[in-house]
file data03.txt (compact mmCIF, C-alpha atoms and all ligand atoms)
# COMPACT_ATOMS: atom_id res chain seq x y z
CA MET A 1 31.41 -111.04 -70.50
CA LEU A 2 32.85 -108.63 -67.91
CA ARG A 3 34.76 -110.51 -65.19
CA VAL A 4 34.35 -108.76 -61.85
CA GLY A 5 36.12 -109.25 -58.51
CA VAL A 6 34.31 -108.18 -55.31
CA ILE A 7 36.30 -107.03 -52.25
CA GLY A 8 34.15 -107.08 -49.10
CA THR A 9 31.47 -109.75 -48.82
CA GLY A 10 29.41 -108.29 -45.97
CA MET A 11 25.85 -107.00 -46.34
CA ILE A 12 26.12 -104.95 -49.52
CA GLY A 13 28.89 -107.12 -50.96
CA GLN A 14 26.55 -110.13 -50.76
CA GLU A 15 23.71 -108.11 -52.27
CA HIS A 16 25.89 -107.04 -55.19
CA VAL A 17 27.30 -110.55 -55.76
CA ARG A 18 23.71 -111.83 -55.85
CA ARG A 19 22.62 -109.25 -58.44
CA LEU A 20 25.79 -109.65 -60.54
CA THR A 21 25.37 -113.43 -60.65
CA THR A 22 21.57 -113.81 -60.86
CA VAL A 23 20.01 -110.57 -62.12
CA LEU A 24 22.31 -108.61 -64.42
CA ASN A 25 23.48 -109.38 -67.95
CA GLY A 26 26.98 -109.49 -69.44
CA VAL A 27 28.83 -109.97 -66.18
CA THR A 28 30.28 -112.76 -64.08
CA VAL A 29 31.90 -112.74 -60.62
CA THR A 30 35.26 -114.48 -60.91
CA ALA A 31 36.82 -113.59 -57.54
CA VAL A 32 35.99 -112.39 -54.03
CA ALA A 33 38.08 -111.31 -51.02
CA ASP A 34 37.30 -110.36 -47.42
CA VAL A 35 39.35 -110.21 -44.20
CA ASP A 36 36.69 -112.54 -42.82
CA ALA A 37 37.87 -115.70 -44.59
CA ALA A 38 34.78 -117.72 -43.62
CA VAL A 39 32.28 -115.27 -45.12
CA ALA A 40 34.45 -114.86 -48.24
CA ALA A 41 34.56 -118.65 -48.68
CA GLU A 42 30.79 -118.94 -48.30
CA VAL A 43 29.96 -116.11 -50.73
CA GLY A 44 32.71 -117.12 -53.18
CA GLY A 45 31.56 -120.74 -53.05
CA ARG A 46 27.97 -119.80 -53.91
CA ALA A 47 29.18 -117.67 -56.85
CA GLY A 48 31.72 -120.22 -58.10
CA ALA A 49 34.44 -117.56 -57.68
CA THR A 50 38.09 -117.78 -56.61
CA VAL A 51 38.55 -116.68 -52.99
CA HIS A 52 41.64 -114.52 -52.49
CA PRO A 53 43.24 -114.04 -49.06
CA ALA A 54 43.85 -110.32 -49.74
CA GLY A 55 42.13 -107.63 -51.80
CA GLU A 56 45.42 -106.76 -53.52
CA ASP A 57 45.68 -110.37 -54.83
CA LEU A 58 42.17 -110.03 -56.25
CA VAL A 59 43.09 -106.77 -58.05
CA ALA A 60 46.16 -108.48 -59.56
CA ASP A 61 44.18 -111.58 -60.68
CA PRO A 62 44.31 -111.79 -64.53
CA ALA A 63 40.76 -113.23 -64.43
CA VAL A 64 39.48 -109.93 -62.96
CA ASP A 65 38.74 -107.17 -65.50
CA ALA A 66 37.07 -104.77 -63.05
CA VAL A 67 36.76 -104.44 -59.28
CA LEU A 68 33.89 -103.77 -56.87
CA VAL A 69 34.99 -102.38 -53.48
CA CYS A 70 32.31 -103.19 -50.89
CA CYS A 71 34.32 -103.46 -47.67
CA TRP A 72 34.14 -100.97 -44.80
CA GLY A 73 35.01 -97.35 -45.59
CA PRO A 74 38.51 -97.03 -44.07
CA ALA A 75 39.78 -99.78 -46.43
CA HIS A 76 38.29 -98.29 -49.63
CA GLU A 77 41.29 -96.10 -50.43
CA GLN A 78 43.90 -98.87 -50.52
CA TYR A 79 41.87 -101.02 -52.93
CA VAL A 80 40.75 -98.16 -55.17
CA LEU A 81 44.38 -97.01 -55.45
CA ALA A 82 45.48 -100.59 -56.21
CA ALA A 83 42.88 -100.85 -58.99
CA ILE A 84 43.94 -97.51 -60.49
CA ALA A 85 47.60 -98.62 -60.35
CA ALA A 86 46.59 -101.79 -62.23
CA GLY A 87 44.57 -99.72 -64.76
CA LYS A 88 41.36 -101.59 -63.85
CA PRO A 89 37.91 -99.93 -63.61
CA VAL A 90 36.70 -99.83 -60.01
CA PHE A 91 33.21 -99.35 -58.59
CA CYS A 92 33.55 -98.26 -54.95
CA GLU A 93 30.68 -98.26 -52.50
CA LYS A 94 30.02 -94.94 -50.73
CA PRO A 95 31.65 -93.07 -49.16
CA LEU A 96 34.64 -93.07 -51.53
CA ALA A 97 36.85 -92.79 -48.42
CA PRO A 98 36.24 -91.52 -44.89
CA THR A 99 38.21 -88.25 -45.25
CA GLN A 100 38.54 -85.61 -47.93
CA GLU A 101 42.34 -86.06 -47.89
CA ALA A 102 41.98 -89.74 -48.76
CA CYS A 103 39.47 -88.89 -51.52
CA LEU A 104 41.85 -86.30 -52.94
CA ARG A 105 44.64 -88.91 -53.09
CA ILE A 106 42.31 -91.07 -55.20
CA VAL A 107 41.45 -88.10 -57.45
CA GLU A 108 45.16 -87.35 -57.91
CA ALA A 109 45.96 -91.00 -58.75
CA GLU A 110 43.18 -91.10 -61.33
CA VAL A 111 44.25 -87.80 -62.87
CA ALA A 112 47.83 -89.15 -63.08
CA HIS A 113 46.45 -92.29 -64.78
CA GLY A 114 44.82 -89.96 -67.34
CA SER A 115 41.32 -91.40 -67.80
CA ARG A 116 38.34 -92.19 -65.59
CA LEU A 117 38.32 -95.57 -63.86
CA VAL A 118 36.39 -94.86 -60.65
CA GLN A 119 32.65 -94.80 -59.95
CA VAL A 120 31.19 -94.24 -56.46
CA GLY A 121 28.05 -96.05 -55.26
CA TYR A 122 25.70 -93.09 -54.80
CA MET A 123 22.69 -94.98 -56.13
CA ARG A 124 20.01 -92.29 -55.74
CA ARG A 125 21.15 -91.02 -59.14
CA PHE A 126 19.87 -94.33 -60.59
CA ASP A 127 16.63 -94.49 -58.61
CA PHE A 128 13.50 -94.15 -60.77
CA ALA A 129 11.75 -91.78 -58.35
CA HIS A 130 14.79 -89.50 -57.98
CA ARG A 131 15.29 -89.50 -61.77
CA GLN A 132 11.60 -88.58 -62.33
CA LEU A 133 11.88 -85.80 -59.75
CA LYS A 134 14.92 -84.38 -61.56
CA LEU A 135 13.05 -84.57 -64.88
CA VAL A 136 10.17 -82.50 -63.44
CA LEU A 137 12.69 -79.97 -62.14
CA ASP A 138 14.74 -79.82 -65.36
CA ARG A 139 11.61 -79.36 -67.51
CA GLY A 140 10.80 -76.28 -65.43
CA GLU A 141 7.44 -77.71 -64.33
CA ILE A 142 7.65 -76.12 -60.86
CA GLY A 143 9.69 -73.08 -61.86
CA THR A 144 12.99 -72.06 -60.32
CA PRO A 145 13.79 -74.24 -57.27
CA LEU A 146 13.97 -72.43 -53.93
CA MET A 147 14.20 -75.13 -51.25
CA MET A 148 14.28 -78.88 -50.77
CA HIS A 149 13.08 -80.79 -47.71
CA CYS A 150 14.66 -84.24 -47.27
CA ALA A 151 14.32 -86.97 -44.68
CA HIS A 152 16.58 -90.01 -44.37
CA ARG A 153 15.12 -92.41 -41.84
CA ASN A 154 16.51 -95.79 -40.82
CA ALA A 155 14.51 -98.19 -38.64
CA GLY A 156 17.62 -98.74 -36.52
CA VAL A 157 21.42 -98.80 -36.69
CA PRO A 158 24.14 -101.09 -35.28
CA SER A 159 25.66 -100.39 -31.85
CA PHE A 160 28.95 -99.08 -33.34
CA TYR A 161 27.07 -96.24 -35.11
CA GLN A 162 28.30 -92.81 -33.87
CA LYS A 163 26.46 -89.48 -34.18
CA GLU A 164 28.95 -88.24 -36.83
CA MET A 165 27.94 -91.21 -39.00
CA ALA A 166 24.50 -89.63 -39.41
CA ILE A 167 26.42 -87.19 -41.63
CA THR A 168 29.34 -89.20 -43.04
CA ASP A 169 27.47 -92.47 -43.63
CA THR A 170 23.78 -91.54 -43.89
CA ALA A 171 23.19 -87.90 -45.01
CA VAL A 172 26.17 -88.22 -47.37
CA HIS A 173 23.66 -89.79 -49.79
CA GLU A 174 21.58 -86.57 -49.79
CA ILE A 175 24.77 -84.49 -50.03
CA ASP A 176 25.59 -86.25 -53.30
CA MET A 177 21.97 -86.30 -54.46
CA VAL A 178 21.39 -82.52 -54.16
CA ARG A 179 24.67 -81.70 -55.99
CA TRP A 180 23.35 -83.86 -58.85
CA MET A 181 19.71 -82.75 -58.58
CA PHE A 182 20.48 -79.02 -58.72
CA GLY A 183 23.74 -79.12 -60.70
CA ALA A 184 25.30 -76.86 -58.05
CA GLU A 185 27.80 -77.17 -55.24
CA ILE A 186 27.16 -76.86 -51.51
CA ALA A 187 28.65 -73.65 -50.09
CA GLY A 188 27.96 -73.98 -46.37
CA VAL A 189 26.56 -76.38 -43.77
CA ARG A 190 24.83 -76.00 -40.41
CA VAL A 191 23.66 -78.80 -38.13
CA LEU A 192 20.81 -78.35 -35.65
CA VAL A 193 20.40 -80.75 -32.76
CA PRO A 194 16.82 -81.46 -31.66
CA ARG A 195 15.53 -83.36 -28.66
CA ARG A 196 17.03 -86.86 -28.51
CA ASN A 197 15.10 -89.99 -29.53
CA SER A 198 15.28 -92.25 -26.47
CA HIS A 199 15.19 -95.37 -28.67
CA GLY A 200 18.77 -94.54 -29.69
CA GLY A 201 20.19 -94.69 -26.16
CA ASP A 202 23.06 -92.19 -25.82
CA LEU A 203 23.25 -91.54 -29.57
CA GLN A 204 22.38 -87.96 -30.57
CA ASP A 205 19.55 -88.74 -32.99
CA PRO A 206 17.87 -87.12 -34.93
CA LEU A 207 19.93 -84.35 -36.57
CA LEU A 208 18.84 -81.59 -38.94
CA LEU A 209 21.36 -80.49 -41.57
CA ILE A 210 20.95 -77.24 -43.45
CA LEU A 211 22.83 -77.19 -46.75
CA GLU A 212 23.28 -73.87 -48.56
CA MET A 213 23.75 -74.36 -52.27
CA THR A 214 25.76 -72.04 -54.52
CA ASN A 215 22.60 -71.32 -56.57
CA GLY A 216 20.76 -70.07 -53.45
CA VAL A 217 18.67 -73.24 -52.90
CA LEU A 218 18.40 -74.13 -49.21
CA VAL A 219 18.15 -77.85 -48.36
CA ASP A 220 17.18 -79.33 -45.01
CA VAL A 221 17.96 -82.99 -44.29
CA GLU A 222 16.49 -84.79 -41.29
CA THR A 223 18.46 -87.88 -40.29
CA SER A 224 16.52 -90.19 -37.97
CA VAL A 225 18.26 -93.50 -37.52
CA ASN A 226 16.05 -95.06 -34.84
CA ILE A 227 12.66 -94.38 -36.38
CA ARG A 228 11.54 -98.00 -35.88
CA TYR A 229 8.68 -98.08 -38.41
CA GLY A 230 10.95 -98.79 -41.40
CA TYR A 231 13.25 -97.20 -44.00
CA ASP A 232 11.86 -93.95 -45.33
CA ILE A 233 13.51 -91.64 -47.84
CA ARG A 234 11.67 -88.39 -48.49
CA GLY A 235 12.29 -85.42 -50.70
CA GLU A 236 10.19 -82.42 -51.68
CA ILE A 237 11.40 -79.57 -53.86
CA VAL A 238 9.69 -76.21 -53.45
CA GLY A 239 9.77 -74.20 -56.68
CA GLU A 240 8.52 -70.72 -57.58
CA SER A 241 5.32 -72.09 -59.08
CA GLY A 242 4.80 -75.52 -57.54
CA THR A 243 6.29 -78.35 -55.56
CA ALA A 244 7.43 -81.85 -56.56
CA SER A 245 8.11 -84.72 -54.21
CA LEU A 246 9.13 -88.36 -54.21
CA GLY A 247 5.85 -90.31 -54.23
CA SER A 248 4.79 -93.30 -52.19
CA LEU A 249 6.81 -96.25 -53.46
CA SER A 250 4.65 -98.96 -52.07
CA PRO A 251 3.41 -101.15 -54.97
CA VAL A 252 0.28 -102.20 -53.07
CA ALA A 253 -2.11 -100.19 -50.91
CA VAL A 254 -4.43 -102.11 -48.58
CA ARG A 255 -7.75 -100.45 -47.66
CA ARG A 256 -9.61 -102.00 -44.76
CA ASP A 257 -11.28 -101.10 -41.47
CA GLY A 258 -11.42 -97.41 -42.41
CA ARG A 259 -7.65 -97.21 -43.08
CA VAL A 260 -5.25 -97.19 -46.05
CA GLU A 261 -1.98 -99.06 -45.49
CA HIS A 262 1.17 -98.64 -47.59
CA PRO A 263 3.91 -101.07 -46.52
CA VAL A 264 7.24 -99.37 -45.70
CA PRO A 265 10.51 -101.11 -46.73
CA ALA A 266 12.58 -102.52 -43.87
CA ASP A 267 15.91 -101.13 -45.09
CA TRP A 268 17.93 -99.81 -48.01
CA ARG A 269 18.09 -103.22 -49.71
CA ALA A 270 14.35 -103.22 -50.39
CA ARG A 271 13.91 -99.47 -51.02
CA PHE A 272 16.74 -99.19 -53.55
CA LEU A 273 16.63 -102.74 -54.99
CA ALA A 274 15.92 -101.57 -58.54
CA ALA A 275 18.26 -98.56 -58.28
CA TYR A 276 21.22 -100.83 -57.44
CA ASP A 277 20.27 -103.07 -60.38
CA VAL A 278 20.21 -100.13 -62.79
CA GLU A 279 23.37 -98.61 -61.29
CA LEU A 280 25.42 -101.79 -61.76
CA GLN A 281 23.86 -102.80 -65.10
CA GLU A 282 24.71 -99.38 -66.58
CA TRP A 283 28.22 -99.69 -65.13
CA VAL A 284 28.72 -103.19 -66.58
CA LEU A 285 27.51 -102.11 -70.03
CA ALA A 286 29.75 -99.04 -70.09
CA ILE A 287 32.86 -100.81 -68.80
CA ALA A 288 32.40 -103.90 -71.02
CA GLY A 289 32.07 -101.54 -74.00
CA GLY A 290 35.35 -99.82 -73.11
CA GLY A 291 33.60 -96.62 -72.02
CA ALA A 292 33.98 -94.38 -68.98
CA PRO A 293 32.09 -95.22 -65.80
CA PRO A 294 28.60 -93.71 -66.22
CA GLY A 295 27.97 -92.62 -62.62
CA PRO A 296 29.34 -90.44 -59.83
CA SER A 297 33.08 -89.90 -60.24
CA ALA A 298 35.99 -89.80 -57.80
CA TRP A 299 35.53 -86.01 -57.91
CA ASP A 300 31.91 -86.43 -56.77
CA GLY A 301 33.16 -88.73 -54.00
CA TYR A 302 35.69 -86.07 -52.97
CA ALA A 303 33.11 -83.25 -53.05
CA ALA A 304 30.69 -85.26 -50.88
CA ALA A 305 33.51 -85.95 -48.40
CA VAL A 306 34.40 -82.25 -48.14
CA VAL A 307 30.77 -81.40 -47.37
CA SER A 308 30.41 -84.21 -44.86
CA ASP A 309 33.65 -83.13 -43.12
CA ALA A 310 32.15 -79.61 -42.93
CA GLY A 311 28.97 -81.13 -41.49
CA VAL A 312 30.93 -82.94 -38.78
CA ALA A 313 32.68 -79.65 -37.89
CA ALA A 314 29.30 -77.87 -37.83
CA LEU A 315 27.92 -80.54 -35.50
CA ARG A 316 30.91 -80.16 -33.19
CA THR A 317 30.92 -76.33 -33.09
CA GLY A 318 27.26 -75.48 -33.59
CA GLU A 319 28.42 -72.93 -36.19
CA ARG A 320 27.94 -72.56 -39.94
CA VAL A 321 30.94 -74.12 -41.70
CA ALA A 322 31.90 -72.96 -45.19
CA VAL A 323 32.73 -75.57 -47.84
CA SER A 324 35.79 -75.08 -50.00
CA LEU A 325 36.70 -77.51 -52.79
CA ALA A 326 40.11 -77.91 -54.43
CA GLU A 327 40.38 -76.83 -58.07
CA ARG A 328 38.44 -79.29 -60.23
CA PRO A 329 40.80 -81.16 -62.61
CA LYS A 330 39.91 -81.12 -66.34
CA LEU A 331 39.30 -84.89 -66.18
CA TYR A 332 36.08 -84.13 -64.27
CA ALA A 333 34.90 -81.17 -66.34
CA PRO A 334 31.09 -81.31 -66.87
CA GLY A 335 30.21 -83.03 -70.15
CA ARG A 336 33.43 -85.05 -70.36
N1 LIG A 401 24.94 -97.59 -51.30
C1 LIG A 401 24.30 -97.94 -50.21
O1 LIG A 401 23.12 -97.70 -50.04
C2 LIG A 401 25.01 -98.67 -49.14
C3 LIG A 401 26.36 -98.60 -49.05
N2 LIG A 401 27.01 -99.22 -48.03
C4 LIG A 401 28.47 -99.06 -47.95
O2 LIG A 401 29.08 -100.31 -48.26
C5 LIG A 401 30.23 -100.53 -47.47
C6 LIG A 401 30.07 -101.83 -46.69
O3 LIG A 401 28.93 -101.74 -45.87
P1 LIG A 401 28.18 -103.07 -45.32
O4 LIG A 401 28.17 -104.13 -46.34
O5 LIG A 401 26.90 -102.61 -44.74
O6 LIG A 401 29.18 -103.46 -44.13
P2 LIG A 401 29.42 -104.91 -43.51
O7 LIG A 401 30.07 -104.65 -42.19
O8 LIG A 401 28.21 -105.76 -43.58
O9 LIG A 401 30.51 -105.55 -44.50
C7 LIG A 401 31.80 -105.04 -44.64
C8 LIG A 401 32.73 -106.20 -45.01
O10 LIG A 401 34.04 -105.65 -45.25
C9 LIG A 401 34.99 -106.59 -44.74
N3 LIG A 401 36.27 -105.90 -44.56
C10 LIG A 401 36.60 -104.99 -43.60
N4 LIG A 401 37.88 -104.58 -43.79
C11 LIG A 401 38.33 -105.20 -44.91
C12 LIG A 401 39.56 -105.17 -45.62
N5 LIG A 401 40.59 -104.40 -45.22
N6 LIG A 401 39.69 -105.93 -46.73
C13 LIG A 401 38.65 -106.70 -47.15
N7 LIG A 401 37.47 -106.79 -46.51
C14 LIG A 401 37.31 -106.05 -45.41
C15 LIG A 401 34.35 -107.09 -43.45
O11 LIG A 401 34.93 -108.29 -43.01
C16 LIG A 401 32.90 -107.24 -43.89
O12 LIG A 401 32.61 -108.53 -44.39
C17 LIG A 401 30.36 -99.28 -46.58
O13 LIG A 401 31.24 -98.38 -47.20
C18 LIG A 401 28.94 -98.71 -46.56
O14 LIG A 401 28.90 -97.32 -46.34
C19 LIG A 401 26.35 -100.00 -47.13
C20 LIG A 401 25.00 -100.09 -47.17
C21 LIG A 401 24.21 -99.44 -48.18
O1 LIG A 402 24.42 -96.41 -47.12
C1 LIG A 402 23.72 -96.80 -46.26
C2 LIG A 402 24.23 -97.21 -44.93
O2 LIG A 402 25.63 -97.35 -44.96
C3 LIG A 402 23.84 -96.14 -43.93
O3 LIG A 402 24.26 -96.50 -42.64
C4 LIG A 402 22.33 -95.93 -43.94
O4 LIG A 402 22.00 -94.88 -43.07
C5 LIG A 402 21.84 -95.61 -45.33
O5 LIG A 402 20.44 -95.48 -45.33
C6 LIG A 402 22.25 -96.69 -46.31
O6 LIG A 402 21.81 -96.40 -47.61

call {"tool": "encode", "arguments": {"input": "data03.txt", "output": "structure tokens"}}
result
Amino acid sequence: MLRVGVIGTGMIGQEHVRRLTTVLNGVTVTAVADVDAAVAAEVGGRAGATVHPAGEDLVADPAVDAVLVCCWGPAHEQYVLAAIAAGKPVFCEKPLAPTQEACLRIVEAEVAHGSRLVQVGYMRRFDFAHRQLKLVLDRGEIGTPLMMHCAHRNAGVPSFYQKEMAITDTAVHEIDMVRWMFGAEIAGVRVLVPRRNSHGGDLQDPLLLILEMTNGVLVDVETSVNIRYGYDIRGEIVGESGTASLGSLSPVAVRRDGRVEHPVPADWRARFLAAYDVELQEWVLAIAGGGAPPGPSAWDGYAAAVVSDAGVAALRTGERVAVSLAERPKLYAPGR
């Protein structure tokens, strides 16, 4: 039984504690921590877990074999570094850290440790629809890929959400997804700014990102974070001899009064419910078996941060911004 400690018991922390304690096999939650002591006590109490006053105490707890970091982004680095220092596997929610410099410090710490401990929570890689889409692409069913059209739509966002977050917090999922989908890096980024959605107040929303991939594929990503009708993730790949797209994910279609209705999920919890289950079950199995984390690495977290930093610069300047990655350490060589 893998004994996991969860740092950060907000929205996704609670979701992950629920799935670790009631859905997944071979795992138990033995400890939680959050700067909000009341929420930590409530979540820890429900899970029968020890509540630590600080994340560092949780990492040091001998009853914690592996750590889940689910707090807000600026605090990810300190806990991921603490877990690496303790030699404990750590699953960190996206983004790995808010800046590429912080991500690189994590990469360097893991390289110094000498084996992989870190996985980043880019769950599209575990989503059935995204995996099927990649299968179609990899089998050559639509020929050589030329372009991909993506949309990432949220019904709404909290009041602290800034326009840069459409890149660093929202489109960062597509940034990771297309690196995985096409097995190529992103070479340059542009950001186009359309007419503003008045439902977002002063927030510049939507945005249109153009990602140029090193294999020549061009990707456009619409971020609309005040779309109101629900949570909608779209993707269509245009190949030389066909197209392939994420299908409708609604399990039930209602036909009545001359209309067909497909319910739209309210938010990411419903849309990616099964993907998070698969993501964490595969992680638990690998870690409990003494293996390497089976998902996106600290290097992937770093690469996504470099692209999202370039996106923020492109938004600020209106120019194309080139992406330049550090040299990839051997620890993250493909196939390792
Ligand atoms: N993979 C995915 O689809 C999603 C990932 N996320 C990511 O998960 C992380 C958390 O997001 P939410 O749960 O939505 O935020 P939230 O605001 O609901 O929860 C964050 C929690 O972190 C706690 N916290 C803040 N600083 C802390 C510190 N220094 N030590 C310990 N706890 C601290 C807060 O008190 C709060 O309870 C973010 O990095 C976010 O980007 C969030 C939603 C979906
Ligand atoms: O990661 C997530 C949030 O943090 C982010 O704010 C949302 O835009 C994404 O859809 C969600 O998956």

call {"tool": "atom_distance", "arguments": {"input": "data03.txt", "atom1": "atom CA of Glu141 of chain A", "atom2": "atom CA of Ile210 of chain A"}}
result
24.9 Å

call {"tool": "residues_near_ligand", "arguments": {"input": "data03.txt", "ligand": "ligand LIG 402 (chain A)", "cutoff": "8 Å", "atoms": "all atoms listed in the file", "output": "list in words"}}
result
Lys94, His152, Arg153, Asn154, Val157, Met165, Ala166, Asp169, Thr170, Ala171, His173, Val225, Tyr231, Asp267 and Trp268 of chain A

call {"tool": "residues_near_ligand", "arguments": {"input": "data03.txt", "ligand": "ligand LIG 401 (chain A)", "cutoff": "7 Å", "atoms": "all atoms listed in the file", "output": "ChimeraX atom specification"}}
result
/A:7-13,33-36,39,54-55,70-73,75,93-95,121-123,169,268

call {"tool": "closest_atom_pairs", "arguments": {"input": "data03.txt", "of": "segment 203-244 of chain A", "to": "segment 249-261 of chain A", "cutoff": "12 Å", "atoms": "only C-alpha atoms", "output": "JSON lines"}}
result
{"residue": "A:Tyr231", "atom": "CA", "partner": "A:Leu249", "partner_atom": "CA", "distance": 11.5}
{"residue": "A:Asp232", "atom": "CA", "partner": "A:Leu249", "partner_atom": "CA", "distance": 9.8}
{"residue": "A:Ile233", "atom": "CA", "partner": "A:Leu249", "partner_atom": "CA", "distance": 9.9}
{"residue": "A:Arg234", "atom": "CA", "partner": "A:Leu249", "partner_atom": "CA", "distance": 10.5}

call {"tool": "atom_distance", "arguments": {"input": "data03.txt", "atom1": "atom CA of Ala155 of chain A", "atom2": "atom CA of Ile167 of chain A"}}
result
16.5 Å

call {"tool": "atom_distance", "arguments": {"input": "data03.txt", "atom1": "atom CA of Gln281 of chain A", "atom2": "atom CA of Val4 of chain A"}}
result
12.5 Å

call {"tool": "residues_around", "arguments": {"input": "data03.txt", "residues": "Pro265 of chain A", "least_positions_apart": "4", "cutoff": "6 Å", "atoms": "all atoms listed in the file", "output": "NGL selection string"}}
result
:A and (230-231 or 270-271)

call {"tool": "residues_around", "arguments": {"input": "data03.txt", "residues": "Ala322 of chain A", "least_positions_apart": "2", "cutoff": "9 Å", "atoms": "all atoms listed in the file", "output": "VMD selection string"}}
result
chain A and resid 186 to 189 307 310 320 324

call {"tool": "residues_around", "arguments": {"input": "data03.txt", "residues": "Ala63 of chain A", "least_positions_apart": "2", "cutoff": "12 Å", "atoms": "all atoms listed in the file", "output": "number ranges by chain"}}
result
A: 1-5, 28-32, 49-50, 57-61, 65-67, 88

call {"tool": "residues_around", "arguments": {"input": "data03.txt", "residues": "segment 132-139 of chain A", "least_positions_apart": "3", "cutoff": "9 Å", "atoms": "only C-alpha atoms", "output": "list in words"}}
result
Asp127, Phe128, Ala129, Ile142, Gly143, Thr144, Pro145, Trp180, Met181, Phe182, Glu236, Ile237, Gly239, Ala244, Ser245 and Leu246 of chain A

call {"tool": "residues_around", "arguments": {"input": "data03.txt", "residues": "Pro98 of chain A", "least_positions_apart": "2", "cutoff": "8 Å", "atoms": "all atoms listed in the file", "output": "list of chain:residue names"}}
result
A:Gly73, A:Pro74, A:Pro95, A:Leu96, A:Gln100, A:Ala102, A:Cys103, A:Thr168, A:Ala305

call {"tool": "closest_residue", "arguments": {"input": "data03.txt", "among": "A:Arg124, A:His52, A:Arg195, A:Arg328", "to": "Leu104 of chain A", "atoms": "only C-alpha atoms"}}
result
A:Arg328
